[in-house]
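Engineer: Mind looking over this structure? Questions follow.
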Amino acid sequence: MKKFLLIVVLLAGVFVSARFMLSWSRPNSDSDSRVSVTIENGASLPIISNLLEEHELVRDGWSFQWFVRWKRLASKLQAGEYVIPRNLTFLEITEVLQHGKSSEIRITIPEGSTITQIDAILSKKSLTESGDFIACTNFCDLGFRISSLEGYLFPSTYYVNPKTFTSKKFVQRLYNTFQQQTSDLMKKVQESGRTLNEVVIVASMIEREAFGDNLEEKQKIADVIWKRLDERIHLGIDATTRYELNEWKRPLYTEDFDSDSPYNTRRTMGLPPTAISNPGNDALRAAVDPLDTEFYYYLHDNSGQVHFGRTLEEHNANKREYLY
């Protein structure tokens, strides 16, 4: 019986040792994708270990706890916001967590952001001075020529190193991401008979006119826009005026639509001269693949929901029902 227990203990020891060695010494993953993790003040080692396992930064949170205790590092792990690659070893992760910050930070550019709004995001993160990003989109030598970058800077989450960050590199990165994300759409753009610039401008309006992640709604809005363009009907899209005024929240008044500006689509026929936002994938896809509907009109009620109308009479009825 004693020999049996001894064998069990030895086997258990071998199992635990093997588990430790496998977990402790090898990278967590072959992927170098990054994950954002926030360690709160006062978080215990078990909480930190579980958090790392939930975010797939370690395979085995229990083994990570024992590693930290073995190295006597538990008291040295600091609270903070971290961006951590998935392919680190336990030792490399603990080195990151001892500094209270990462070499990289996360920057999220929401879908529908304008160049001006991206500039504000970057300056708020202390990556640039206010206005620097805007100036770069107009004057930096980027290695390519385009009349306006509005609409061509792809909105997404990016990880950047504040020490090496420059507006020029970030503009190039956003533009390159746009090209990568739209490469599979180019065939449909060509088949549509539209130019890429027309598609981008329409997608930028869809992004500002639609709410939420409803692709079908965006495709319906796209159909309304293209039909009105093709049939020489004023678009009447308030978002184009909001773009020119850089007023996205306050109500618009009659005097806001008095000008003959090319961005005033209530009075000027056709598309605005540039995109009015930087659209995401769904808005771009909707612009090249609109739903075939009978709608010529739409409006937003006070909750943001879109209501479509086939005729001016239906549109006016929607106004009475949802706006007045």
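Starting from 1 in every chain, residues are counted up; chains themselves are A, B, ... following the order of the structure tokens, and ligands are numbered from 1 as listed.
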Could you name the residues that touch stretch 236-249 of chain A at 12 Å or less, counting only C-alpha atoms, but leaving out those on the same chain fewer than 5 positions away, as a PyMOL selection string?
Structural biologist: chain A and resi 112-117+150+201-202+204-210+221+224-225+228-229+254-278+296-300
Engineer: Now that the selection is made, can you save its residues with N, CA and C atoms as a short mmCIF file (atom, residue, chain, number, x, y, z; two decimals), in the first residue's frame?
Structural biologist:
```
data_model
loop_
_atom_site.label_atom_id
_atom_site.label_comp_id
_atom_site.auth_asym_id
_atom_site.auth_seq_id
_atom_site.Cartn_x
_atom_site.Cartn_y
_atom_site.Cartn_z
N GLY A 112 -17.27 56.27 -39.01
CA GLY A 112 -17.93 57.55 -39.21
C GLY A 112 -17.16 58.74 -38.68
N SER A 113 -15.98 58.51 -38.14
CA SER A 113 -15.15 59.63 -37.66
C SER A 113 -14.68 60.47 -38.85
N THR A 114 -14.55 61.75 -38.63
CA THR A 114 -13.96 62.64 -39.63
C THR A 114 -12.49 62.84 -39.31
N ILE A 115 -11.76 63.43 -40.24
CA ILE A 115 -10.35 63.73 -40.00
C ILE A 115 -10.22 64.64 -38.78
N THR A 116 -11.10 65.61 -38.65
CA THR A 116 -11.07 66.52 -37.50
C THR A 116 -11.28 65.75 -36.20
N GLN A 117 -12.18 64.79 -36.21
CA GLN A 117 -12.43 64.00 -35.00
C GLN A 117 -11.27 63.06 -34.69
N GLU A 150 -10.28 62.36 -46.72
CA GLU A 150 -11.52 62.09 -45.99
C GLU A 150 -12.23 60.92 -46.66
N ILE A 201 -17.74 58.34 -51.12
CA ILE A 201 -18.56 59.47 -50.68
C ILE A 201 -19.94 58.99 -50.24
N VAL A 202 -20.55 58.11 -51.01
CA VAL A 202 -21.87 57.59 -50.64
C VAL A 202 -21.77 56.77 -49.35
N SER A 204 -19.70 57.21 -46.97
CA SER A 204 -19.49 58.14 -45.86
C SER A 204 -20.80 58.75 -45.40
N MET A 205 -21.72 58.98 -46.34
CA MET A 205 -23.04 59.51 -45.97
C MET A 205 -23.88 58.42 -45.31
N ILE A 206 -23.81 57.20 -45.83
CA ILE A 206 -24.53 56.09 -45.21
C ILE A 206 -24.09 55.92 -43.76
N GLU A 207 -22.79 56.01 -43.52
CA GLU A 207 -22.26 55.83 -42.16
C GLU A 207 -22.84 56.85 -41.20
N ARG A 208 -23.06 58.06 -41.69
CA ARG A 208 -23.60 59.12 -40.83
C ARG A 208 -25.13 59.11 -40.77
N GLU A 209 -25.77 58.47 -41.74
CA GLU A 209 -27.22 58.45 -41.78
C GLU A 209 -27.83 57.23 -41.10
N ALA A 210 -27.09 56.13 -41.07
CA ALA A 210 -27.59 54.90 -40.44
C ALA A 210 -27.16 54.86 -38.99
N ILE A 221 -30.70 52.65 -47.40
CA ILE A 221 -30.30 54.05 -47.52
C ILE A 221 -29.45 54.23 -48.77
N VAL A 224 -31.68 54.47 -51.80
CA VAL A 224 -32.31 55.79 -51.90
C VAL A 224 -31.34 56.81 -52.46
N ILE A 225 -30.12 56.83 -51.95
CA ILE A 225 -29.12 57.81 -52.40
C ILE A 225 -28.81 57.64 -53.88
N ARG A 228 -31.78 58.69 -56.17
CA ARG A 228 -31.96 60.13 -56.24
C ARG A 228 -30.85 60.78 -57.07
N LEU A 229 -29.63 60.26 -56.94
CA LEU A 229 -28.53 60.77 -57.76
C LEU A 229 -28.80 60.52 -59.25
N THR A 254 -32.96 76.77 -40.05
CA THR A 254 -33.21 77.16 -41.43
C THR A 254 -32.02 77.88 -42.03
N GLU A 255 -31.41 78.77 -41.25
CA GLU A 255 -30.28 79.54 -41.78
C GLU A 255 -29.06 78.68 -42.09
N ASP A 256 -28.99 77.49 -41.51
CA ASP A 256 -27.87 76.60 -41.81
C ASP A 256 -27.93 76.08 -43.24
N PHE A 257 -29.11 76.17 -43.86
CA PHE A 257 -29.29 75.64 -45.21
C PHE A 257 -29.47 76.75 -46.25
N ASP A 258 -29.08 77.98 -45.89
CA ASP A 258 -29.27 79.12 -46.80
C ASP A 258 -28.19 79.22 -47.86
N SER A 259 -27.05 78.60 -47.64
CA SER A 259 -25.91 78.79 -48.55
C SER A 259 -26.03 77.91 -49.79
N ASP A 260 -25.28 78.27 -50.82
CA ASP A 260 -25.20 77.48 -52.03
C ASP A 260 -23.96 76.59 -52.00
N SER A 261 -23.49 76.26 -50.81
CA SER A 261 -22.31 75.42 -50.65
C SER A 261 -22.52 74.07 -51.33
N PRO A 262 -21.47 73.50 -51.93
CA PRO A 262 -21.60 72.16 -52.52
C PRO A 262 -21.90 71.08 -51.48
N TYR A 263 -21.72 71.40 -50.18
CA TYR A 263 -22.07 70.45 -49.13
C TYR A 263 -23.53 70.58 -48.70
N ASN A 264 -24.22 71.61 -49.20
CA ASN A 264 -25.64 71.78 -48.87
C ASN A 264 -26.46 70.99 -49.88
N THR A 265 -26.69 69.72 -49.61
CA THR A 265 -27.34 68.85 -50.58
C THR A 265 -28.85 69.07 -50.66
N ARG A 266 -29.36 70.02 -49.86
CA ARG A 266 -30.76 70.42 -50.05
C ARG A 266 -30.90 71.35 -51.25
N ARG A 267 -29.81 72.12 -51.53
CA ARG A 267 -29.89 73.11 -52.60
C ARG A 267 -28.97 72.79 -53.77
N THR A 268 -27.91 72.03 -53.53
CA THR A 268 -26.95 71.71 -54.58
C THR A 268 -27.16 70.28 -55.04
N MET A 269 -27.26 70.11 -56.35
CA MET A 269 -27.52 68.79 -56.92
C MET A 269 -26.26 67.94 -56.88
N GLY A 270 -26.44 66.64 -56.69
CA GLY A 270 -25.33 65.70 -56.77
C GLY A 270 -24.63 65.46 -55.45
N LEU A 271 -23.48 64.78 -55.56
CA LEU A 271 -22.71 64.44 -54.37
C LEU A 271 -21.94 65.63 -53.85
N PRO A 272 -21.65 65.66 -52.55
CA PRO A 272 -20.73 66.67 -52.03
C PRO A 272 -19.33 66.43 -52.62
N PRO A 273 -18.45 67.42 -52.58
CA PRO A 273 -17.14 67.29 -53.24
C PRO A 273 -16.21 66.27 -52.60
N THR A 274 -16.43 65.96 -51.31
CA THR A 274 -15.59 64.97 -50.63
C THR A 274 -16.48 64.09 -49.77
N ALA A 275 -15.91 63.02 -49.28
CA ALA A 275 -16.60 62.22 -48.26
C ALA A 275 -16.82 63.08 -47.02
N ILE A 276 -17.80 62.69 -46.21
CA ILE A 276 -18.09 63.47 -45.00
C ILE A 276 -17.75 62.68 -43.73
N SER A 277 -17.16 61.52 -43.89
CA SER A 277 -16.71 60.71 -42.75
C SER A 277 -15.83 59.61 -43.30
N ASN A 278 -15.27 58.83 -42.41
CA ASN A 278 -14.49 57.66 -42.81
C ASN A 278 -15.31 56.41 -42.50
N TYR A 296 -37.79 56.27 -52.01
CA TYR A 296 -37.09 57.48 -52.46
C TYR A 296 -36.82 58.42 -51.29
N TYR A 297 -37.37 58.10 -50.13
CA TYR A 297 -37.27 59.00 -48.98
C TYR A 297 -37.00 58.19 -47.72
N TYR A 298 -36.42 58.85 -46.74
CA TYR A 298 -36.31 58.28 -45.40
C TYR A 298 -36.13 59.41 -44.40
N LEU A 299 -36.46 59.14 -43.16
CA LEU A 299 -36.24 60.10 -42.08
C LEU A 299 -35.93 59.35 -40.80
N HIS A 300 -35.39 60.08 -39.84
CA HIS A 300 -35.08 59.51 -38.52
C HIS A 300 -36.08 60.05 -37.51
#
```
Engineer: What are the DSSP alpha helix (DSSP H) residues of stretch 91-306 of chain A, as a PyMOL selection string?
Structural biologist: chain A and resi 91-97+115-124+132-139+167-182+186-192+196-209+215-230+238-245+281-288
Engineer: Which residues come within 12 Å of A:Asp213, counting only C-alpha atoms, excluding same-chain residues fewer than 5 positions away, as a list in words?
Structural biologist: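 My reading of the contact set: Glu111, Ile206, Glu207, Lys218, Gln219, Gly280, Asn281, Asp282, Ala283 and Ala286 of chain A.
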Engineer: Between A:Ala287, A:Leu252, A:Thr293, A:Trp66, which one has atoms that come closest to A:Met186, using only C-alpha atoms?
Structural biologist: A:Ala287
Engineer: Mind the document's chain letters and residue numbers, and return as JSON, numbers by chain the residues of stretch 34-119 of chain A that DSSP labels strand (DSSP E or B).
Structural biologist: {"A": [34, 35, 36, 37, 38, 39, 80, 81, 82, 83, 84, 85, 105, 106, 107, 108, 113]}
Engineer: Using only C-alpha atoms, determine which residues lie at most 10 Å from A:Arg285, disregarding the query and same-chain residues fewer than 3 positions distant; provide the list as a ChimeraX atom specification.
Structural biologist: /A:182,185,188-189,199,203,215,218-219,222,279-282,288-290
Engineer: Could you list, as a PyMOL selection string, every residue within 10 Å of A:Thr38, counting only C-alpha atoms and ignoring same-chain residues fewer than 3 positions away?
Structural biologist: chain A and resi 41+48+51-52+79-83+101
Engineer: Just write the chosen residues, N, CA and C atoms, as a PDB file, in the first residue's frame.
Structural biologist:
```pdb
ATOM      1  N   ASN A  41      -6.668  48.417  -9.490  1.00  0.00           N
ATOM      2  CA  ASN A  41      -5.953  48.571  -8.220  1.00  0.00           C
ATOM      3  C   ASN A  41      -6.449  47.536  -7.212  1.00  0.00           C
ATOM      4  N   ILE A  48      -5.764  38.358 -11.293  1.00  0.00           N
ATOM      5  CA  ILE A  48      -4.915  38.691 -12.441  1.00  0.00           C
ATOM      6  C   ILE A  48      -4.717  37.459 -13.321  1.00  0.00           C
ATOM      7  N   LEU A  51      -7.826  36.669 -15.243  1.00  0.00           N
ATOM      8  CA  LEU A  51      -8.030  37.672 -16.286  1.00  0.00           C
ATOM      9  C   LEU A  51      -7.146  37.382 -17.502  1.00  0.00           C
ATOM     10  N   LEU A  52      -5.898  37.023 -17.237  1.00  0.00           N
ATOM     11  CA  LEU A  52      -4.975  36.701 -18.327  1.00  0.00           C
ATOM     12  C   LEU A  52      -5.434  35.454 -19.078  1.00  0.00           C
ATOM     13  N   ALA A  79      -1.048  47.615 -11.140  1.00  0.00           N
ATOM     14  CA  ALA A  79      -2.290  47.942 -11.847  1.00  0.00           C
ATOM     15  C   ALA A  79      -1.969  48.816 -13.044  1.00  0.00           C
ATOM     16  N   GLY A  80      -2.824  48.776 -14.035  1.00  0.00           N
ATOM     17  CA  GLY A  80      -2.617  49.608 -15.212  1.00  0.00           C
ATOM     18  C   GLY A  80      -3.368  49.075 -16.414  1.00  0.00           C
ATOM     19  N   GLU A  81      -3.302  49.844 -17.501  1.00  0.00           N
ATOM     20  CA  GLU A  81      -3.890  49.430 -18.771  1.00  0.00           C
ATOM     21  C   GLU A  81      -2.765  48.916 -19.663  1.00  0.00           C
ATOM     22  N   TYR A  82      -2.918  47.681 -20.131  1.00  0.00           N
ATOM     23  CA  TYR A  82      -1.852  47.026 -20.866  1.00  0.00           C
ATOM     24  C   TYR A  82      -2.315  46.592 -22.252  1.00  0.00           C
ATOM     25  N   VAL A  83      -1.388  46.623 -23.185  1.00  0.00           N
ATOM     26  CA  VAL A  83      -1.568  45.987 -24.486  1.00  0.00           C
ATOM     27  C   VAL A  83      -0.500  44.912 -24.574  1.00  0.00           C
ATOM     28  N   LYS A 101       2.638  49.849 -17.271  1.00  0.00           N
ATOM     29  CA  LYS A 101       2.206  50.367 -18.560  1.00  0.00           C
ATOM     30  C   LYS A 101       2.866  49.558 -19.668  1.00  0.00           C
TER      31      LYS A 101
END
```
Engineer: Show which residues sit within 10 Å of A:Tyr175, as a list in words. Count only C-alpha atoms, and ignore same-chain residues fewer than 3 positions away.
Structural biologist: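 The residues satisfying every condition are Leu142, Leu149, Gly151, Tyr152, Leu153, Phe154, Pro155, Lys169, Phe170, Val171, Gln172, Phe178, Gln179, Gln180 and Gln181 of chain A.
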Engineer: What lies within 12 Å of A:Ala135 using only C-alpha atoms, ignoring chain neighbours under 3 positions off, as a ChimeraX atom specification?
Structural biologist: /A:115-116,119,128-132,138-141,149,167-168,171
Engineer: Grab the residues selected above and save them as a PDB file, in the first residue's frame with N, CA and C atoms.
Structural biologist:
```
ATOM      1  N   ILE A 115     -11.759  63.429 -40.244  1.00  0.00           N
ATOM      2  CA  ILE A 115     -10.349  63.732 -39.996  1.00  0.00           C
ATOM      3  C   ILE A 115     -10.216  64.642 -38.780  1.00  0.00           C
ATOM      4  N   THR A 116     -11.099  65.609 -38.654  1.00  0.00           N
ATOM      5  CA  THR A 116     -11.069  66.517 -37.501  1.00  0.00           C
ATOM      6  C   THR A 116     -11.276  65.753 -36.201  1.00  0.00           C
ATOM      7  N   ASP A 119      -8.187  63.739 -35.360  1.00  0.00           N
ATOM      8  CA  ASP A 119      -7.194  64.652 -34.798  1.00  0.00           C
ATOM      9  C   ASP A 119      -7.446  64.872 -33.304  1.00  0.00           C
ATOM     10  N   THR A 128      -0.267  63.714 -30.392  1.00  0.00           N
ATOM     11  CA  THR A 128       0.036  64.840 -31.269  1.00  0.00           C
ATOM     12  C   THR A 128      -0.481  66.122 -30.639  1.00  0.00           C
ATOM     13  N   GLU A 129      -0.032  67.233 -31.186  1.00  0.00           N
ATOM     14  CA  GLU A 129      -0.634  68.523 -30.855  1.00  0.00           C
ATOM     15  C   GLU A 129      -1.911  68.684 -31.666  1.00  0.00           C
ATOM     16  N   SER A 130      -2.888  69.379 -31.113  1.00  0.00           N
ATOM     17  CA  SER A 130      -4.148  69.605 -31.814  1.00  0.00           C
ATOM     18  C   SER A 130      -3.879  70.264 -33.176  1.00  0.00           C
ATOM     19  N   GLY A 131      -4.461  69.706 -34.215  1.00  0.00           N
ATOM     20  CA  GLY A 131      -4.306  70.256 -35.565  1.00  0.00           C
ATOM     21  C   GLY A 131      -3.196  69.611 -36.369  1.00  0.00           C
ATOM     22  N   ASP A 132      -2.292  68.882 -35.706  1.00  0.00           N
ATOM     23  CA  ASP A 132      -1.143  68.302 -36.407  1.00  0.00           C
ATOM     24  C   ASP A 132      -1.580  67.222 -37.397  1.00  0.00           C
ATOM     25  N   ASN A 138      -3.200  67.113 -45.237  1.00  0.00           N
ATOM     26  CA  ASN A 138      -3.189  68.085 -46.330  1.00  0.00           C
ATOM     27  C   ASN A 138      -1.802  68.313 -46.923  1.00  0.00           C
ATOM     28  N   PHE A 139      -0.757  68.234 -46.076  1.00  0.00           N
ATOM     29  CA  PHE A 139       0.549  68.704 -46.522  1.00  0.00           C
ATOM     30  C   PHE A 139       1.682  67.683 -46.434  1.00  0.00           C
ATOM     31  N   CYS A 140       1.508  66.567 -45.718  1.00  0.00           N
ATOM     32  CA  CYS A 140       2.605  65.595 -45.602  1.00  0.00           C
ATOM     33  C   CYS A 140       2.870  64.914 -46.949  1.00  0.00           C
ATOM     34  N   ASP A 141       4.141  64.646 -47.212  1.00  0.00           N
ATOM     35  CA  ASP A 141       4.520  63.855 -48.380  1.00  0.00           C
ATOM     36  C   ASP A 141       4.331  62.383 -48.019  1.00  0.00           C
ATOM     37  N   LEU A 149      -8.236  62.984 -48.376  1.00  0.00           N
ATOM     38  CA  LEU A 149      -8.121  61.720 -47.648  1.00  0.00           C
ATOM     39  C   LEU A 149      -9.369  61.402 -46.831  1.00  0.00           C
ATOM     40  N   SER A 167       2.221  61.630 -36.992  1.00  0.00           N
ATOM     41  CA  SER A 167       0.986  61.769 -37.773  1.00  0.00           C
ATOM     42  C   SER A 167       1.158  61.177 -39.163  1.00  0.00           C
ATOM     43  N   LYS A 168       2.300  61.393 -39.767  1.00  0.00           N
ATOM     44  CA  LYS A 168       2.537  60.895 -41.130  1.00  0.00           C
ATOM     45  C   LYS A 168       2.434  59.374 -41.184  1.00  0.00           C
ATOM     46  N   VAL A 171      -1.249  58.340 -40.702  1.00  0.00           N
ATOM     47  CA  VAL A 171      -2.055  58.571 -41.909  1.00  0.00           C
ATOM     48  C   VAL A 171      -1.788  57.460 -42.922  1.00  0.00           C
TER      49      VAL A 171
END
```
Engineer: Can you tell me how far atom CA of A:Phe211 sits from atom CA of A:Gly304, in Å to one decimal?
Structural biologist: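 Computing the Euclidean distance for atom CA of A:Phe211 and atom CA of A:Gly304 yields 6.8 Å.
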